[in-house]
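What's in input-v1.txt: compact mmCIF, C-alpha atoms
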# COMPACT_ATOMS: atom_id res chain seq x y z
CA MET A 1 30.14 14.73 22.00
CA ILE A 2 27.59 14.89 19.20
CA PRO A 3 27.99 18.16 17.26
CA ILE A 4 25.29 20.78 16.72
CA CYS A 5 25.30 22.38 13.26
CA ARG A 6 23.08 25.26 12.19
CA TYR A 7 21.64 24.55 8.77
CA GLY A 8 22.82 27.20 6.31
CA GLU A 9 25.86 28.34 8.29
CA VAL A 10 28.07 25.61 6.85
CA PRO A 11 27.82 24.10 3.36
CA ASN A 12 24.85 21.79 3.01
CA GLU A 13 27.05 19.07 1.58
CA THR A 14 29.01 19.08 4.85
CA ILE A 15 25.91 18.66 7.01
CA LEU A 16 24.18 16.21 4.73
CA ALA A 17 27.24 14.21 3.71
CA ARG A 18 26.86 10.52 4.35
CA ARG A 19 29.56 8.91 6.37
CA ASP A 20 32.00 6.89 4.35
CA THR A 21 31.14 3.31 5.23
CA ALA A 22 32.44 1.77 2.04
CA PHE A 23 34.67 -1.24 2.41
CA ASN A 24 36.91 -2.47 -0.37
CA VAL A 25 35.55 -6.00 -0.33
CA GLN A 26 34.72 -6.53 -4.01
CA ALA A 27 37.76 -8.71 -4.71
CA PRO A 28 37.61 -10.95 -1.62
CA VAL A 29 33.86 -11.43 -2.07
CA ALA A 30 34.33 -12.36 -5.73
CA ALA A 31 36.97 -14.89 -4.65
CA ILE A 32 34.60 -16.42 -2.07
CA LEU A 33 31.80 -16.70 -4.62
CA ALA A 34 34.08 -18.40 -7.14
CA ASP A 35 35.38 -20.80 -4.50
CA VAL A 36 31.89 -21.84 -3.40
CA ILE A 37 30.90 -22.36 -7.03
CA ALA A 38 33.96 -24.56 -7.54
CA ARG A 39 34.06 -26.52 -4.27
CA GLY A 40 30.55 -26.33 -2.82
CA ASP A 41 30.20 -27.63 0.74
CA ALA A 42 33.96 -28.01 1.19
CA ALA A 43 34.41 -24.27 0.65
CA LEU A 44 31.53 -23.52 3.03
CA ARG A 45 33.20 -25.61 5.75
CA ASP A 46 36.53 -23.85 5.28
CA TYR A 47 34.98 -20.36 5.43
CA THR A 48 32.75 -21.22 8.39
CA GLU A 49 35.78 -22.46 10.31
CA ARG A 50 37.76 -19.35 9.33
CA PHE A 51 35.11 -16.73 10.09
CA ASP A 52 32.88 -18.37 12.73
CA GLY A 53 35.34 -20.59 14.55
CA VAL A 54 33.54 -23.89 13.95
CA ARG A 55 33.78 -26.57 11.26
CA PRO A 56 30.29 -28.02 10.78
CA LYS A 57 29.81 -31.62 9.78
CA ARG A 58 26.21 -30.91 8.86
CA PHE A 59 24.89 -27.53 7.77
CA GLU A 60 21.16 -28.06 8.12
CA VAL A 61 19.56 -27.52 11.51
CA SER A 62 17.98 -30.76 12.71
CA GLU A 63 14.57 -31.21 14.30
CA ALA A 64 16.33 -32.05 17.57
CA GLU A 65 18.13 -28.70 17.46
CA PHE A 66 14.81 -26.94 16.88
CA GLU A 67 13.25 -28.72 19.84
CA GLU A 68 16.23 -27.90 22.05
CA ALA A 69 16.03 -24.23 21.05
CA LEU A 70 12.29 -24.02 21.72
CA ALA A 71 12.79 -25.60 25.12
CA SER A 72 15.57 -23.15 26.03
CA VAL A 73 13.78 -19.87 25.30
CA SER A 74 11.53 -18.47 27.99
CA PRO A 75 7.77 -18.87 27.66
CA ALA A 76 7.47 -15.09 27.92
CA PHE A 77 9.79 -14.53 24.97
CA LEU A 78 8.03 -17.20 22.91
CA ALA A 79 4.72 -15.47 23.64
CA VAL A 80 6.12 -12.13 22.49
CA LEU A 81 7.43 -13.77 19.31
CA LYS A 82 3.96 -15.10 18.57
CA GLU A 83 2.32 -11.74 19.30
CA ALA A 84 4.80 -9.93 17.06
CA ALA A 85 4.23 -12.51 14.33
CA ALA A 86 0.47 -11.99 14.55
CA ASN A 87 0.89 -8.21 14.24
CA ILE A 88 3.29 -8.55 11.30
CA ARG A 89 0.93 -11.00 9.62
CA ALA A 90 -2.12 -8.77 10.07
CA TYR A 91 -0.29 -5.74 8.64
CA HIS A 92 1.16 -7.55 5.64
CA GLU A 93 -2.09 -9.33 4.79
CA LYS A 94 -3.32 -5.89 3.69
CA GLN A 95 -0.60 -5.82 1.03
CA LYS A 96 -1.83 -8.86 -0.90
CA ARG A 97 -2.59 -8.18 -4.55
CA GLU A 98 -5.31 -9.78 -6.61
CA SER A 99 -4.96 -10.97 -10.18
CA PHE A 100 -7.31 -9.15 -12.54
CA VAL A 101 -9.02 -9.69 -15.89
CA MET A 102 -10.29 -7.00 -18.31
CA ALA A 103 -12.88 -7.99 -20.91
CA GLU A 104 -14.50 -4.67 -21.83
CA ARG A 105 -13.87 -4.96 -25.59
CA GLU A 106 -15.52 -7.55 -27.79
CA GLY A 107 -13.21 -10.52 -28.38
CA VAL A 108 -10.43 -9.14 -26.14
CA VAL A 109 -9.33 -10.50 -22.77
CA LEU A 110 -6.41 -8.90 -20.93
CA GLY A 111 -5.13 -9.49 -17.46
CA MET A 112 -2.43 -9.84 -14.87
CA LYS A 113 -1.72 -12.90 -12.77
CA TYR A 114 0.37 -12.85 -9.58
CA THR A 115 2.47 -15.89 -8.70
CA PRO A 116 4.64 -16.41 -5.61
CA ILE A 117 8.38 -16.87 -6.12
CA GLU A 118 8.94 -20.59 -5.73
CA LYS A 119 12.25 -20.58 -3.81
CA VAL A 120 13.35 -17.75 -1.52
CA GLY A 121 16.50 -17.45 0.59
CA LEU A 122 16.47 -15.47 3.83
CA TYR A 123 19.71 -14.16 5.31
CA VAL A 124 19.60 -13.52 9.07
CA PRO A 125 22.69 -11.91 10.62
CA ASN A 126 24.13 -13.10 13.93
CA GLY A 127 27.21 -10.96 14.45
CA THR A 128 27.35 -8.44 17.29
CA ALA A 129 23.81 -9.52 18.24
CA PRO A 130 21.22 -12.11 17.15
CA TYR A 131 18.15 -10.86 15.29
CA PRO A 132 15.12 -13.12 15.66
CA SER A 133 13.00 -10.10 14.70
CA THR A 134 14.54 -10.20 11.23
CA VAL A 135 13.39 -13.80 10.85
CA LEU A 136 9.78 -12.74 11.39
CA MET A 137 10.02 -9.64 9.21
CA ASP A 138 11.53 -11.51 6.25
CA ALA A 139 9.62 -14.78 6.44
CA ILE A 140 6.05 -13.75 7.20
CA PRO A 141 5.51 -11.61 4.06
CA ALA A 142 6.93 -14.49 2.00
CA LYS A 143 4.50 -16.92 3.61
CA ILE A 144 1.60 -14.53 2.96
CA ALA A 145 2.70 -14.32 -0.68
CA GLY A 146 2.49 -18.10 -0.82
CA CYS A 147 6.15 -18.93 -1.44
CA PRO A 148 6.30 -22.73 -1.22
CA GLU A 149 9.95 -23.00 -0.12
CA LEU A 150 11.75 -20.71 2.35
CA ILE A 151 15.43 -21.43 2.99
CA MET A 152 17.14 -19.54 5.82
CA VAL A 153 20.88 -19.15 6.39
CA THR A 154 22.45 -17.69 9.50
CA PRO A 155 25.97 -17.82 10.98
CA PRO A 156 26.56 -20.39 13.73
CA SER A 157 27.96 -19.55 17.14
CA PRO A 158 31.44 -20.87 18.04
CA ASP A 159 29.76 -23.89 19.66
CA GLY A 160 28.24 -24.81 16.30
CA ARG A 161 24.69 -23.95 17.29
CA VAL A 162 22.25 -21.35 16.01
CA ASP A 163 20.97 -18.77 18.49
CA PRO A 164 17.86 -20.29 20.16
CA GLY A 165 15.85 -17.11 19.65
CA ILE A 166 16.52 -17.21 15.92
CA LEU A 167 15.43 -20.84 15.69
CA ALA A 168 12.32 -20.16 17.77
CA ALA A 169 11.42 -17.31 15.42
CA ALA A 170 12.03 -19.56 12.41
CA ARG A 171 9.59 -22.12 13.79
CA VAL A 172 6.98 -19.45 14.60
CA ALA A 173 7.35 -17.94 11.11
CA GLY A 174 7.07 -21.30 9.34
CA ILE A 175 10.47 -21.40 7.63
CA ASP A 176 11.02 -24.72 5.85
CA ARG A 177 14.77 -25.29 6.26
CA VAL A 178 17.57 -23.54 8.18
CA PHE A 179 21.29 -23.82 7.45
CA LYS A 180 24.23 -22.88 9.68
CA VAL A 181 26.32 -20.72 7.40
CA GLY A 182 26.81 -16.97 7.11
CA GLY A 183 28.71 -14.28 5.28
CA ALA A 184 29.36 -14.00 1.56
CA GLN A 185 29.70 -17.78 1.39
CA ALA A 186 26.07 -18.18 2.48
CA ILE A 187 24.93 -15.82 -0.27
CA ALA A 188 26.98 -17.84 -2.77
CA ALA A 189 25.35 -21.06 -1.58
CA LEU A 190 21.86 -19.60 -1.97
CA ALA A 191 22.63 -18.19 -5.41
CA TYR A 192 24.44 -21.18 -6.92
CA GLY A 193 23.55 -24.12 -4.70
CA THR A 194 25.87 -26.68 -3.10
CA GLU A 195 25.59 -30.35 -2.20
CA SER A 196 23.68 -29.41 0.97
CA ILE A 197 22.03 -26.07 0.27
CA PRO A 198 19.57 -25.65 -2.62
CA ALA A 199 19.78 -22.66 -4.94
CA VAL A 200 16.96 -20.13 -4.68
CA TYR A 201 15.46 -17.52 -6.99
CA LYS A 202 15.57 -14.53 -4.65
CA ILE A 203 17.64 -13.56 -1.59
CA VAL A 204 16.46 -11.08 1.03
CA GLY A 205 17.75 -9.87 4.38
CA PRO A 206 20.38 -7.54 5.84
CA GLY A 207 24.01 -8.32 6.56
CA ASN A 208 27.49 -6.86 6.88
CA ALA A 209 29.57 -5.35 4.07
CA TYR A 210 30.56 -8.79 2.76
CA VAL A 211 26.95 -9.94 2.63
CA ALA A 212 25.83 -6.72 0.93
CA GLU A 213 28.60 -6.97 -1.66
CA ALA A 214 27.85 -10.65 -2.29
CA LYS A 215 24.18 -9.84 -2.89
CA LYS A 216 25.25 -7.15 -5.32
CA GLN A 217 27.52 -9.56 -7.21
CA VAL A 218 24.97 -12.39 -7.49
CA PHE A 219 22.19 -10.04 -8.63
CA GLY A 220 21.12 -11.15 -12.07
CA ARG A 221 21.73 -14.77 -11.23
CA VAL A 222 19.08 -14.30 -8.56
CA ALA A 223 16.89 -11.40 -7.47
CA ILE A 224 17.66 -9.50 -4.26
CA ASP A 225 15.72 -7.06 -2.11
CA VAL A 226 18.17 -4.16 -1.68
CA VAL A 227 21.87 -3.73 -0.95
CA ALA A 228 21.51 -2.62 2.65
CA GLY A 229 24.02 -0.43 4.46
CA PRO A 230 24.37 0.58 8.11
CA SER A 231 21.16 1.42 9.92
CA GLU A 232 20.06 5.03 10.48
CA VAL A 233 17.43 7.17 12.19
CA LEU A 234 16.50 10.81 11.66
CA LEU A 235 14.26 12.56 14.19
CA VAL A 236 12.47 15.82 13.45
CA ALA A 237 11.47 17.43 16.75
CA ASP A 238 9.80 20.62 17.92
CA GLU A 239 9.80 22.22 21.38
CA SER A 240 7.12 19.78 22.60
CA ALA A 241 9.63 16.91 22.50
CA ASP A 242 11.46 15.57 25.56
CA ALA A 243 15.27 15.75 25.31
CA ARG A 244 15.65 12.66 27.48
CA VAL A 245 13.37 10.63 25.21
CA LEU A 246 15.02 11.87 22.01
CA ALA A 247 18.47 10.98 23.33
CA ALA A 248 17.30 7.47 24.23
CA ASP A 249 15.79 7.03 20.76
CA MET A 250 19.01 8.15 19.09
CA LEU A 251 21.14 5.86 21.26
CA ALA A 252 18.85 2.93 20.46
CA GLN A 253 19.95 3.37 16.87
CA ALA A 254 23.59 4.03 17.70
CA GLU A 255 24.01 0.78 19.64
CA HIS A 256 23.35 -1.27 16.49
CA ASP A 257 26.72 -0.69 14.88
CA LYS A 258 29.66 1.73 14.89
CA ASN A 259 28.64 2.73 11.37
CA SER A 260 25.01 3.43 12.30
CA ALA A 261 23.83 7.04 12.22
CA ALA A 262 21.49 8.93 14.55
CA ILE A 263 20.45 12.44 13.46
CA LEU A 264 18.24 15.03 15.13
CA VAL A 265 16.82 17.98 13.19
CA THR A 266 15.03 20.62 15.27
CA ASP A 267 14.13 24.31 15.22
CA CYS A 268 14.68 24.63 18.99
CA LEU A 269 18.21 25.41 20.24
CA ALA A 270 17.34 24.64 23.86
CA LEU A 271 16.09 21.20 22.84
CA ALA A 272 19.21 20.57 20.75
CA GLU A 273 21.47 21.42 23.68
CA GLY A 274 19.35 19.31 26.02
CA VAL A 275 19.64 16.29 23.75
CA GLN A 276 23.38 16.82 23.47
CA ARG A 277 23.69 16.70 27.28
CA GLU A 278 21.33 13.75 27.62
CA ILE A 279 23.27 11.67 25.13
CA GLU A 280 26.42 12.11 27.20
CA ARG A 281 24.53 11.24 30.38
CA GLN A 282 22.90 8.13 28.97
CA LEU A 283 25.82 6.69 27.00
CA PRO A 284 27.59 5.16 30.04
CA LEU A 285 24.36 3.40 30.99
CA LEU A 286 24.44 1.22 27.86
CA PRO A 287 26.10 -2.23 27.89
CA ARG A 288 27.10 -1.53 24.27
CA GLU A 289 28.50 1.90 25.14
CA GLU A 290 31.64 1.50 23.04
CA ILE A 291 29.64 0.79 19.88
CA ALA A 292 27.08 3.52 20.57
CA ARG A 293 29.73 6.12 21.37
CA ALA A 294 31.66 5.41 18.17
CA SER A 295 28.44 5.74 16.18
CA ILE A 296 27.49 9.03 17.86
CA GLU A 297 30.95 10.56 17.58
CA HIS A 298 31.57 9.58 13.96
CA ASN A 299 28.12 9.63 12.41
CA GLY A 300 25.73 11.38 14.79
CA ARG A 301 24.72 15.00 14.44
CA ILE A 302 22.17 17.56 15.53
CA ILE A 303 21.01 20.00 12.86
CA LEU A 304 19.34 23.30 13.73
CA ALA A 305 16.71 24.26 11.18
CA GLN A 306 14.76 27.50 10.88
CA SER A 307 11.40 25.71 11.01
CA ILE A 308 9.81 22.28 11.18
CA ALA A 309 8.97 22.59 7.48
CA GLN A 310 12.65 23.07 6.71
CA ALA A 311 13.56 20.25 9.09
CA ILE A 312 11.34 17.86 7.14
CA GLU A 313 12.90 18.97 3.86
CA ILE A 314 16.33 18.20 5.33
CA GLY A 315 14.97 14.79 6.28
CA ASN A 316 13.70 14.24 2.75
CA GLU A 317 17.13 15.10 1.37
CA ILE A 318 18.81 12.58 3.69
CA ALA A 319 16.04 10.00 3.01
CA PRO A 320 16.62 7.97 6.17
CA GLU A 321 15.74 4.39 6.90
CA HIS A 322 13.76 5.50 9.98
CA PHE A 323 12.11 8.95 10.07
CA GLY A 324 10.65 10.14 13.38
CA LEU A 325 8.14 13.00 13.45
CA CYS A 326 8.51 13.90 17.12
CA VAL A 327 6.24 16.93 16.95
CA ARG A 328 3.04 18.16 18.56
CA GLU A 329 0.79 17.43 15.54
CA PRO A 330 2.55 14.67 13.57
CA PHE A 331 -0.33 13.82 11.23
CA SER A 332 -0.47 17.41 10.00
CA TRP A 333 3.12 17.02 8.75
CA LEU A 334 2.92 13.44 7.45
CA ASP A 335 2.23 14.36 3.81
CA ARG A 336 5.39 16.50 3.77
CA VAL A 337 7.56 13.40 4.31
CA GLN A 338 8.46 12.18 0.83
CA SER A 339 11.53 9.96 1.34
CA ALA A 340 11.66 7.57 4.27
CA GLY A 341 11.75 3.85 4.84
CA SER A 342 9.47 3.83 7.88
CA ILE A 343 7.84 6.86 9.54
CA PHE A 344 7.23 7.04 13.29
CA LEU A 345 4.59 9.55 14.36
CA GLY A 346 4.49 11.51 17.60
CA HIS A 347 6.22 11.22 20.94
CA ASN A 348 5.22 7.62 21.70
CA ALA A 349 6.33 5.70 18.62
CA PRO A 350 10.01 4.83 19.10
CA GLU A 351 11.86 2.97 16.37
CA ALA A 352 12.02 -0.06 18.68
CA LEU A 353 8.23 -0.34 18.37
CA GLY A 354 8.65 -0.87 14.63
CA ASP A 355 11.68 -3.09 15.06
CA TYR A 356 9.79 -5.67 17.07
CA LEU A 357 6.08 -5.46 17.64
CA ALA A 358 3.94 -2.97 15.71
CA GLY A 359 3.61 -4.92 12.45
CA PRO A 360 5.16 -2.81 9.65
CA ASN A 361 8.37 -4.30 8.28
CA HIS A 362 11.78 -3.38 9.65
CA THR A 363 13.77 -4.51 6.61
CA LEU A 364 14.10 -1.05 5.08
CA PRO A 365 16.04 0.95 2.46
CA THR A 366 19.19 2.58 3.86
CA GLY A 367 21.85 4.97 2.60
CA GLY A 368 19.45 7.41 0.92
CA ILE A 369 17.79 4.87 -1.38
CA ALA A 370 14.46 5.55 0.33
CA LYS A 371 14.17 8.19 -2.42
CA PHE A 372 13.23 5.33 -4.74
CA ALA A 373 13.09 2.11 -2.68
CA SER A 374 10.52 0.75 -0.23
CA PRO A 375 10.24 -1.49 2.83
CA LEU A 376 10.23 -5.24 2.37
CA GLY A 377 6.71 -6.50 1.79
CA VAL A 378 4.52 -9.10 0.17
CA ASP A 379 5.21 -7.66 -3.30
CA ASP A 380 8.88 -8.59 -2.91
CA PHE A 381 7.94 -12.25 -2.94
CA MET A 382 5.57 -12.13 -5.90
CA LYS A 383 6.12 -12.08 -9.63
CA LYS A 384 3.51 -10.97 -12.12
CA SER A 385 2.72 -12.13 -15.62
CA GLN A 386 0.58 -10.30 -18.14
CA PHE A 387 -1.75 -12.18 -20.46
CA SER A 388 -3.61 -11.22 -23.63
CA TYR A 389 -6.25 -12.97 -25.73
CA TYR A 390 -7.74 -11.66 -29.01
CA SER A 391 -10.33 -13.44 -31.09
CA ARG A 392 -9.64 -13.63 -34.84
CA GLU A 393 -12.13 -10.84 -35.44
CA ALA A 394 -10.63 -8.58 -32.77
CA LEU A 395 -7.11 -9.04 -34.15
CA GLU A 396 -8.23 -8.43 -37.73
CA ALA A 397 -9.79 -5.12 -36.66
CA VAL A 398 -6.42 -3.80 -35.42
CA SER A 399 -3.89 -5.69 -37.55
CA GLU A 400 -3.32 -2.83 -40.00
CA LYS A 401 -2.64 -0.45 -37.11
CA ILE A 402 -0.12 -2.89 -35.65
CA ALA A 403 1.58 -3.19 -39.03
CA LEU A 404 1.69 0.60 -39.40
CA PHE A 405 3.31 0.96 -35.99
CA ALA A 406 5.81 -1.82 -36.68
CA ARG A 407 6.90 -0.36 -40.03
CA ALA A 408 7.38 3.03 -38.35
CA GLU A 409 10.01 1.26 -36.24
CA GLY A 410 11.53 -0.50 -39.24
CA LEU A 411 10.35 -3.95 -38.16
CA GLU A 412 8.76 -5.54 -41.22
CA GLY A 413 8.69 -8.96 -39.57
CA HIS A 414 6.44 -7.59 -36.85
CA ALA A 415 4.14 -6.07 -39.47
CA ARG A 416 3.91 -9.35 -41.40
CA SER A 417 3.22 -11.27 -38.20
CA ALA A 418 0.24 -9.01 -37.50
CA ARG A 419 -1.15 -9.42 -41.04
CA VAL A 420 -0.27 -13.02 -41.96
CA ARG A 421 -3.56 -14.45 -40.69
CA PHE A 422 -5.55 -12.18 -42.98
CA ASP A 423 -3.33 -11.73 -46.06
CA GLU A 424 -2.72 -14.90 -48.05
CA THR A 425 0.01 -13.16 -50.10
CA ILE A 426 2.35 -13.08 -47.09
Let me see the structure of the file written as structure tokens.
Amino acid sequence: MIPICRYGEVPNETILARRDTAFNVQAPVAAILADVIARGDAALRDYTERFDGVRPKRFEVSEAEFEEALASVSPAFLAVLKEAAANIRAYHEKQKRESFVMAEREGVVLGMKYTPIEKVGLYVPNGTAPYPSTVLMDAIPAKIAGCPELIMVTPPSPDGRVDPGILAAARVAGIDRVFKVGGAQAIAALAYGTESIPAVYKIVGPGNAYVAEAKKQVFGRVAIDVVAGPSEVLLVADESADARVLAADMLAQAEHDKNSAAILVTDCLALAEGVQREIERQLPLLPREEIARASIEHNGRIILAQSIAQAIEIGNEIAPEHFGLCVREPFSWLDRVQSAGSIFLGHNAPEALGDYLAGPNHTLPTGGIAKFASPLGVDDFMKKSQFSYYSREALEAVSEKIALFARAEGLEGHARSARVRFDETI
């Protein structure tokens, strides 16, 4: 049963401690990366056979496989995919940045130009469940940014196919090429390239511990979004909340993974006890009960706060991936939330709304990094370059100041560079 802890009665570090989800995978991941660098496609085939139970002759998904997948998904699901894609596109269009030019000073032009990243790799997991929603969330912002080449990798099923829902989402999102490979070996292929899979400049998307570690190890060779950990939700609730609804929202998170975390923070003891009972009642109703129960028992908790203000501060300290404000007047508390990946306001905005249909991104910072990291968005697929132009007259007017600054830092070469155009003795 999920425990109830009163904030302040036990050490804060005990209540707020993150579960230990670390896996000692640095060495095996490093070995996989080195092997893919050395042997390319041959290594990918060996690892795919070992981890996914199939030895592919061809990694890239063919047009025939796309057509078969589109024909096999229901028209209703395809319609929902398209509706979700439209919502995601409309939301992320608002994030587009414009290049700018400043020319307020005589003879001086300054500016910033935004350019899409030319080659982007998208990792889409397909372990305990397929995630076509991740395809949409990762690809659509990249398309809005204008990235000319999107390469997707995803683990194959034991029959050698890619989940039809994932392929349907890839077609809806406009992904250019899809390859049947997963795990750390897929990250290696995207970072270094193989005979079949082209190297990219940035890799985004969630995955298991091996994928996260591989992204960490290839960072610097390529850019990455974040090193994502297990998913998490924190709900702040007052007495106006429904225990049955809160329990369902927590279990929706718990069924993701045994390492997922679902946390409730409330100032109402009766509500806390009601949620505790409801979780036990609803758990057996879930097809993924075993996963959800392990998550609740190992990582779930209910924290009793003295007030909603304190409850939100607890939430800010935990900095969850998903932060639910399940209170009577959610907008009056919104500004108090300082550290959260995605915020869900009121009693009718479950996390599942954000996972699939609303439009904001569901690729989010986990493990407390919401204190400094942000959701995936259009900016993640753009790079920016500054530019400066000075006329001869404008440079001459400031060249002595530049030289003074440079000499203060002991850089005579910089000083001479600023003055050489105007001092023939240099």
Using Å and a single decimal, report how far atom CA of A:Ile175 sits from atom CA of A:Ala188.
19.8 Å
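The shortest atom-to-atom distance to A:Leu325, with all atoms listed in the file taken into account, belongs to A:Val236 out of A:Val236, A:Ile308, A:Ala247, A:Met112.
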So which residues touch A:Arg244 within 12 Å, counting only C-alpha atoms, skipping near sequence neighbours fewer than 3 positions away, as a list in words?
Ala241, Ala247, Ala248, Asp249, Met250, Leu251, Leu271, Ala272, Glu273, Gly274, Val275, Gln276, Arg277, Glu278, Ile279, Glu280, Arg281, Gln282, Leu283 and His347 of chain A
Take the residues from that selection and put them in a file with C-alpha atoms, as an mmCIF file, in the coordinates of the input.
data_model
loop_
_atom_site.group_PDB
_atom_site.id
_atom_site.type_symbol
_atom_site.label_atom_id
_atom_site.label_comp_id
_atom_site.auth_asym_id
_atom_site.auth_seq_id
_atom_site.Cartn_x
_atom_site.Cartn_y
_atom_site.Cartn_z
ATOM 1 C CA ALA A 241 9.630 16.910 22.500
ATOM 2 C CA ALA A 247 18.470 10.980 23.330
ATOM 3 C CA ALA A 248 17.300 7.470 24.230
ATOM 4 C CA ASP A 249 15.790 7.030 20.760
ATOM 5 C CA MET A 250 19.010 8.150 19.090
ATOM 6 C CA LEU A 251 21.140 5.860 21.260
ATOM 7 C CA LEU A 271 16.090 21.200 22.840
ATOM 8 C CA ALA A 272 19.210 20.570 20.750
ATOM 9 C CA GLU A 273 21.470 21.420 23.680
ATOM 10 C CA GLY A 274 19.350 19.310 26.020
ATOM 11 C CA VAL A 275 19.640 16.290 23.750
ATOM 12 C CA GLN A 276 23.380 16.820 23.470
ATOM 13 C CA ARG A 277 23.690 16.700 27.280
ATOM 14 C CA GLU A 278 21.330 13.750 27.620
ATOM 15 C CA ILE A 279 23.270 11.670 25.130
ATOM 16 C CA GLU A 280 26.420 12.110 27.200
ATOM 17 C CA ARG A 281 24.530 11.240 30.380
ATOM 18 C CA GLN A 282 22.900 8.130 28.970
ATOM 19 C CA LEU A 283 25.820 6.690 27.000
ATOM 20 C CA HIS A 347 6.220 11.220 20.940
#
Any idea what the distance is between atom CA of A:Cys326 and atom CA of A:Tyr356?
19.6 Å
Contacts of stretch 138-143 of chain A within 9 Å, all atoms listed in the file, excl. fewer than 3 positions in-chain, as a PyMOL selection string
chain A and resi 85+88-89+92-93+95+116-117+120+122-124+133-135+146-150+152+170+173-175+204-205+361-363+376-382
Pull the closest atom pair for each residue of stretch 65-150 of chain A that gets at most 10 Å from stretch 385-406 of chain A, along with the distance in Å to one decimal, counting all atoms listed in the file, ordering rows by chain and then ascending residue number, as CSV.
residue,atom,partner,partner_atom,distance
A:Ser99,CA,A:Ser385,CA,9.5
A:Phe100,CA,A:Gln386,CA,9.7
A:Val101,CA,A:Phe387,CA,8.9
A:Met102,CA,A:Ser388,CA,9.5
A:Ala103,CA,A:Tyr389,CA,9.6
A:Arg105,CA,A:Ala394,CA,8.7
A:Glu106,CA,A:Ala394,CA,7.1
A:Gly107,CA,A:Ser391,CA,4.9
A:Val108,CA,A:Tyr390,CA,4.7
A:Val109,CA,A:Tyr389,CA,4.9
A:Leu110,CA,A:Ser388,CA,4.5
A:Gly111,CA,A:Phe387,CA,5.3
A:Met112,CA,A:Gln386,CA,4.5
A:Lys113,CA,A:Ser385,CA,5.3
A:Tyr114,CA,A:Ser385,CA,6.5
A:Thr115,CA,A:Ser385,CA,7.9
Output of the above residues as a compact mmCIF listing (two decimals), in the coordinates of the input, restricted to C-alpha atoms:
# COMPACT_ATOMS: atom_id res chain seq x y z
CA SER A 99 -4.96 -10.97 -10.18
CA PHE A 100 -7.31 -9.15 -12.54
CA VAL A 101 -9.02 -9.69 -15.89
CA MET A 102 -10.29 -7.00 -18.31
CA ALA A 103 -12.88 -7.99 -20.91
CA ARG A 105 -13.87 -4.96 -25.59
CA GLU A 106 -15.52 -7.55 -27.79
CA GLY A 107 -13.21 -10.52 -28.38
CA VAL A 108 -10.43 -9.14 -26.14
CA VAL A 109 -9.33 -10.50 -22.77
CA LEU A 110 -6.41 -8.90 -20.93
CA GLY A 111 -5.13 -9.49 -17.46
CA MET A 112 -2.43 -9.84 -14.87
CA LYS A 113 -1.72 -12.90 -12.77
CA TYR A 114 0.37 -12.85 -9.58
CA THR A 115 2.47 -15.89 -8.70
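Within 10 Å of A:Pro3, once only C-alpha atoms are used and residues closer than 5 positions along the same chain are dropped, the contacting residues are Ala272, Glu273, Gln276, Ile296, Glu297, His298, Asn299, Gly300, Arg301, Ile302 and Ile303 of chain A.
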Could you turn the residues from that selection into a file that holds C-alpha atoms, as a PDB file, keeping the file's coordinate frame?
ATOM      1  CA  ALA A 272      19.210  20.570  20.750  1.00  0.00           C
ATOM      2  CA  GLU A 273      21.470  21.420  23.680  1.00  0.00           C
ATOM      3  CA  GLN A 276      23.380  16.820  23.470  1.00  0.00           C
ATOM      4  CA  ILE A 296      27.490   9.030  17.860  1.00  0.00           C
ATOM      5  CA  GLU A 297      30.950  10.560  17.580  1.00  0.00           C
ATOM      6  CA  HIS A 298      31.570   9.580  13.960  1.00  0.00           C
ATOM      7  CA  ASN A 299      28.120   9.630  12.410  1.00  0.00           C
ATOM      8  CA  GLY A 300      25.730  11.380  14.790  1.00  0.00           C
ATOM      9  CA  ARG A 301      24.720  15.000  14.440  1.00  0.00           C
ATOM     10  CA  ILE A 302      22.170  17.560  15.530  1.00  0.00           C
ATOM     11  CA  ILE A 303      21.010  20.000  12.860  1.00  0.00           C
TER      12      ILE A 303
END
